[in-house]
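Okay, structure first, notes after.
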Amino acid sequence: MRVEFHVRAAAPISKLARYRTNRVCNGMDSREALVALNMIEHVGPVRVRQLLEHFGEATAILGASRQQLKQARGIGEETAEAIANWEKTIDLAGELKRISEFGCHILIGTDEEYPELLRQIYDPPVVLYVKGRLSAKDKNAVAMVGSRMTTHYGIETARKLAYQLAYVGVTVVSGGARGIDTASHQGALSANGRTIAVLGTGINLVFPPENGELFERIAASGAVITQFPFNRNADKQSFPIRNRIVAGMTLGTVVVEANLTSGALITANMAVEQGRQVFAVPGRIDSPRSKGCHELIKKGAKLCEGAEDILSEFEYLFPASNRPAGASETGMLPALNLSENEQKVYDALMEESNVDEVIRRSGLPSSAVSVALLGLEMKRLVKQLPGKIFVKNR
């Protein structure tokens, strides 16, 4: 995949800055300049935003002198020194070559493909390295996170929830780590749905090592993304940075299983700070792996016993433009591609039917009926009444 860069017109700058920009950044455009800024230590998303407010263009930042940089709000001596001497520490040409050869591409905040929800947070990433493709469908995304050291219950619950969500068109976002993250990605892939892995390393590093094949499968139908440059190893700082992307690009975060010190709770707290919904799956009262989820529920997270608990919240959170119109709004059934099981379940629904009746009429197992009903609800062909009674939307 070839990386394409597009030039934006630079804002007016002084003659001295223009001379330095032309001399130092000859042939560089804004996208390349942002890649370079993202590689410089002591320069994060907030400082880049402050610098852009001052200089107007990323190339002008790299072409500015140390004294000019210090005039920008929030920029101290150390940061100004790092940017002014960026050519001595940053191999931009090498990074651009690695991007092209690896088969990934770069997104910046002005790109249409850049996640809209992520763009709205306080400190959105300066650049995103993307292997695969982000999609407009990813507006309907849910984060699923939890402990690396998990139980059989946690793994099976994560797979089931991710399968159900992906099956009805929700993109499952997680961090690609061992445990709950891996199970969530696997569940979404099993449903032939979209899933996105957000890495705490450079995009060329596989961590944990056993997930190499999984990352390839994710990239083939969804995306593997990171804000970190090539060859950046994981550390204690990179994971919280990764977690803010997971929470920031999704409408809500589901914590499946976590102890009281789990990094999943950091993701949940970031979701709260960003105004997003938090769900927590309950577990055994004597299991340390469930303590974090129970603590979240005590603090106001929505208790999640199944995908229905998540989808009921998203009926209000999903933008109307992302939902197909129901029959009550158009006077006719929407032209949607139903799976074989969805069609059988839809045909089995009479005036008002409970789940047992639908199972009997459709001849499908209970698990298949539950998944199909979820799909029909998300496609607004069916609605659920109190008492687990289902009716067709007419």
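Following the order of the structure tokens, first chain is A, next is B, and so on, with residues numbered from 1 inside each chain and ligands from 1 in the order they appear.
Neighbours of A:Gln120 closer than or equal to 10 Å, with only C-alpha atoms counted and sequence neighbours fewer than 5 positions away skipped, come out as Pro115, Gly248, Met249 and Gln274 of chain A.
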Residues within 7 Å of A:Arg194, please, as an MDAnalysis selection string. Count only C-alpha atoms; anything in the same chain fewer than 3 positions from it doesn't count. chainID A and resid 166 171:172 188:189 221:222
Taking N, CA and C atoms for each residue, export the selection above as a tab-separated table (two decimals), in the first residue's frame.
chain	number	residue	atom	x	y	z
A	166	ALA	N	-20.45	-7.58	17.16
A	166	ALA	CA	-19.95	-7.52	15.79
A	166	ALA	C	-20.98	-8.04	14.81
A	171	THR	N	-18.57	-2.15	15.73
A	171	THR	CA	-17.13	-2.39	15.65
A	171	THR	C	-16.58	-2.58	17.06
A	172	VAL	N	-15.85	-3.66	17.28
A	172	VAL	CA	-15.26	-3.97	18.58
A	172	VAL	C	-13.82	-3.47	18.60
A	188	ALA	N	-15.22	-11.06	17.69
A	188	ALA	CA	-15.69	-10.21	16.59
A	188	ALA	C	-15.35	-10.84	15.24
A	189	LEU	N	-14.15	-11.40	15.12
A	189	LEU	CA	-13.75	-12.03	13.87
A	189	LEU	C	-14.60	-13.27	13.58
A	221	SER	N	-9.61	-7.39	7.75
A	221	SER	CA	-11.04	-7.03	7.72
A	221	SER	C	-11.37	-5.78	8.52
A	222	GLY	N	-10.42	-5.29	9.29
A	222	GLY	CA	-10.61	-4.09	10.09
A	222	GLY	C	-9.36	-3.24	10.07
Near stretch 253-266 of chain A, within 6 Å and counting only C-alpha atoms, which residues show up once chain neighbours fewer than 4 positions away are dropped, as an NGL selection string? :A and (142-147 or 154 or 278-281 or 288-292)
Using N, CA and C atoms, can you write the selected residues to a file as a compact mmCIF listing (two decimals), in the first residue's frame?
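The result, stored in out12.txt:
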# COMPACT_ATOMS: atom_id res chain seq x y z
N VAL A 142 -17.55 0.03 20.02
CA VAL A 142 -17.56 -0.22 21.46
C VAL A 142 -16.20 -0.77 21.85
N ALA A 143 -15.65 -0.27 22.94
CA ALA A 143 -14.39 -0.80 23.47
C ALA A 143 -14.68 -1.96 24.41
N MET A 144 -13.89 -3.02 24.30
CA MET A 144 -13.98 -4.14 25.23
C MET A 144 -12.60 -4.38 25.81
N VAL A 145 -12.49 -4.29 27.12
CA VAL A 145 -11.19 -4.39 27.79
C VAL A 145 -11.31 -5.25 29.04
N GLY A 146 -10.16 -5.65 29.55
CA GLY A 146 -10.15 -6.44 30.77
C GLY A 146 -8.75 -6.93 31.10
N SER A 147 -8.69 -7.82 32.04
CA SER A 147 -7.41 -8.29 32.56
C SER A 147 -6.67 -9.17 31.57
N GLY A 154 -14.25 -15.29 32.08
CA GLY A 154 -13.98 -14.00 31.44
C GLY A 154 -13.74 -14.14 29.95
N VAL A 278 -19.85 3.68 30.38
CA VAL A 278 -19.04 2.56 30.87
C VAL A 278 -19.97 1.43 31.31
N PHE A 279 -19.65 0.22 30.88
CA PHE A 279 -20.38 -0.99 31.25
C PHE A 279 -19.42 -1.91 31.99
N ALA A 280 -19.95 -2.71 32.90
CA ALA A 280 -19.11 -3.67 33.63
C ALA A 280 -19.86 -4.98 33.76
N VAL A 281 -19.16 -6.07 33.48
CA VAL A 281 -19.74 -7.40 33.56
C VAL A 281 -19.52 -7.94 34.97
N PRO A 288 -11.06 -12.45 42.71
CA PRO A 288 -10.33 -11.18 42.61
C PRO A 288 -10.43 -10.57 41.22
N ARG A 289 -10.63 -11.40 40.19
CA ARG A 289 -10.71 -10.91 38.81
C ARG A 289 -11.99 -10.12 38.55
N SER A 290 -12.95 -10.21 39.45
CA SER A 290 -14.21 -9.49 39.28
C SER A 290 -14.29 -8.24 40.15
N LYS A 291 -13.34 -8.05 41.05
CA LYS A 291 -13.41 -6.93 41.99
C LYS A 291 -13.46 -5.58 41.27
N GLY A 292 -12.67 -5.43 40.20
CA GLY A 292 -12.65 -4.16 39.49
C GLY A 292 -13.99 -3.85 38.84
Could you list, as a short mmCIF file (atom, residue, chain, number, x, y, z; two decimals) with N, CA, C and O atoms, in the first residue's frame, every residue within 6 Å of stretch 37-52 of chain A, counting only C-alpha atoms and ignoring same-chain residues fewer than 3 positions away?
data_model
loop_
_atom_site.label_atom_id
_atom_site.label_comp_id
_atom_site.auth_asym_id
_atom_site.auth_seq_id
_atom_site.Cartn_x
_atom_site.Cartn_y
_atom_site.Cartn_z
N LEU A 34 4.12 16.45 10.47
CA LEU A 34 3.44 15.92 11.65
C LEU A 34 4.01 14.56 12.05
O LEU A 34 4.10 14.24 13.24
N PHE A 55 2.01 28.90 14.97
CA PHE A 55 2.72 28.97 13.68
C PHE A 55 1.80 28.75 12.48
O PHE A 55 2.16 29.14 11.37
N GLY A 56 0.68 28.12 12.69
CA GLY A 56 -0.28 27.93 11.61
C GLY A 56 -0.06 26.73 10.74
O GLY A 56 -0.99 26.24 10.11
N GLU A 57 1.16 26.21 10.68
CA GLU A 57 1.46 25.11 9.78
C GLU A 57 2.57 24.25 10.38
O GLU A 57 3.51 24.76 10.98
N THR A 79 11.54 21.60 25.27
CA THR A 79 10.77 21.28 24.07
C THR A 79 11.28 22.06 22.87
O THR A 79 11.42 21.51 21.77
N ASP A 123 -6.87 15.49 23.75
CA ASP A 123 -5.52 15.31 23.20
C ASP A 123 -5.50 14.21 22.14
O ASP A 123 -4.85 13.18 22.33
N PRO A 125 -4.45 11.96 19.00
CA PRO A 125 -3.12 11.70 18.45
C PRO A 125 -2.79 12.61 17.26
O PRO A 125 -3.66 12.89 16.43
N VAL A 126 -1.55 13.03 17.18
CA VAL A 126 -1.10 13.88 16.07
C VAL A 126 -1.21 13.11 14.76
O VAL A 126 -1.66 13.63 13.75
#
Considering only C-alpha atoms, return as a ChimeraX atom specification whatever protein or nucleic-acid residues lie within 12 Å of A:Gly212, sequence-local ones (same chain, fewer than 4 positions apart) excluded. /A:176-178,182,197,203-208,216-219,224
Gap from atom CA of A:Gly109 to atom CA of A:Gly169 - Å, one decimal: 24.9 Å
I'd like the contact shell of A:Val371 - 9 Å cut-off, only C-alpha atoms, skipping same-chain residues fewer than 6 positions apart - returned as a ChimeraX atom specification. /A:163-164,167-168,341-342
List the spatial neighbours of A:Pro282 as a list in words - criterion: any atom at most 7 Å away, only C-alpha atoms, same-chain residues fewer than 5 positions off excluded.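 Listing them by chain and then by number gives Ser290, Cys293, His294 and Leu303 of chain A.
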Residue with smallest distance to A:Arg276 - pool A:Ala158, A:Val355, A:Ile75, A:Ala141, counting only C-alpha atoms: A:Ala141
Just the strand (DSSP E or B) stuff from stretch 167-240 of chain A, please, per backbone DSSP, written as a list in words.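 Checking each residue of stretch 167-240 of chain A, the strand (DSSP E or B) ones are Thr171, Val172, Val173, Ser174, Thr195, Ile196, Ala197, Val198, Ala223, Val224, Ile225 and Thr226 of chain A.
Distance annotation: of A:Leu165, A:Glu156, A:Arg244, A:Gly252, the residue with the minimal separation from A:Leu374 is A:Leu165; atom set is only C-alpha atoms.
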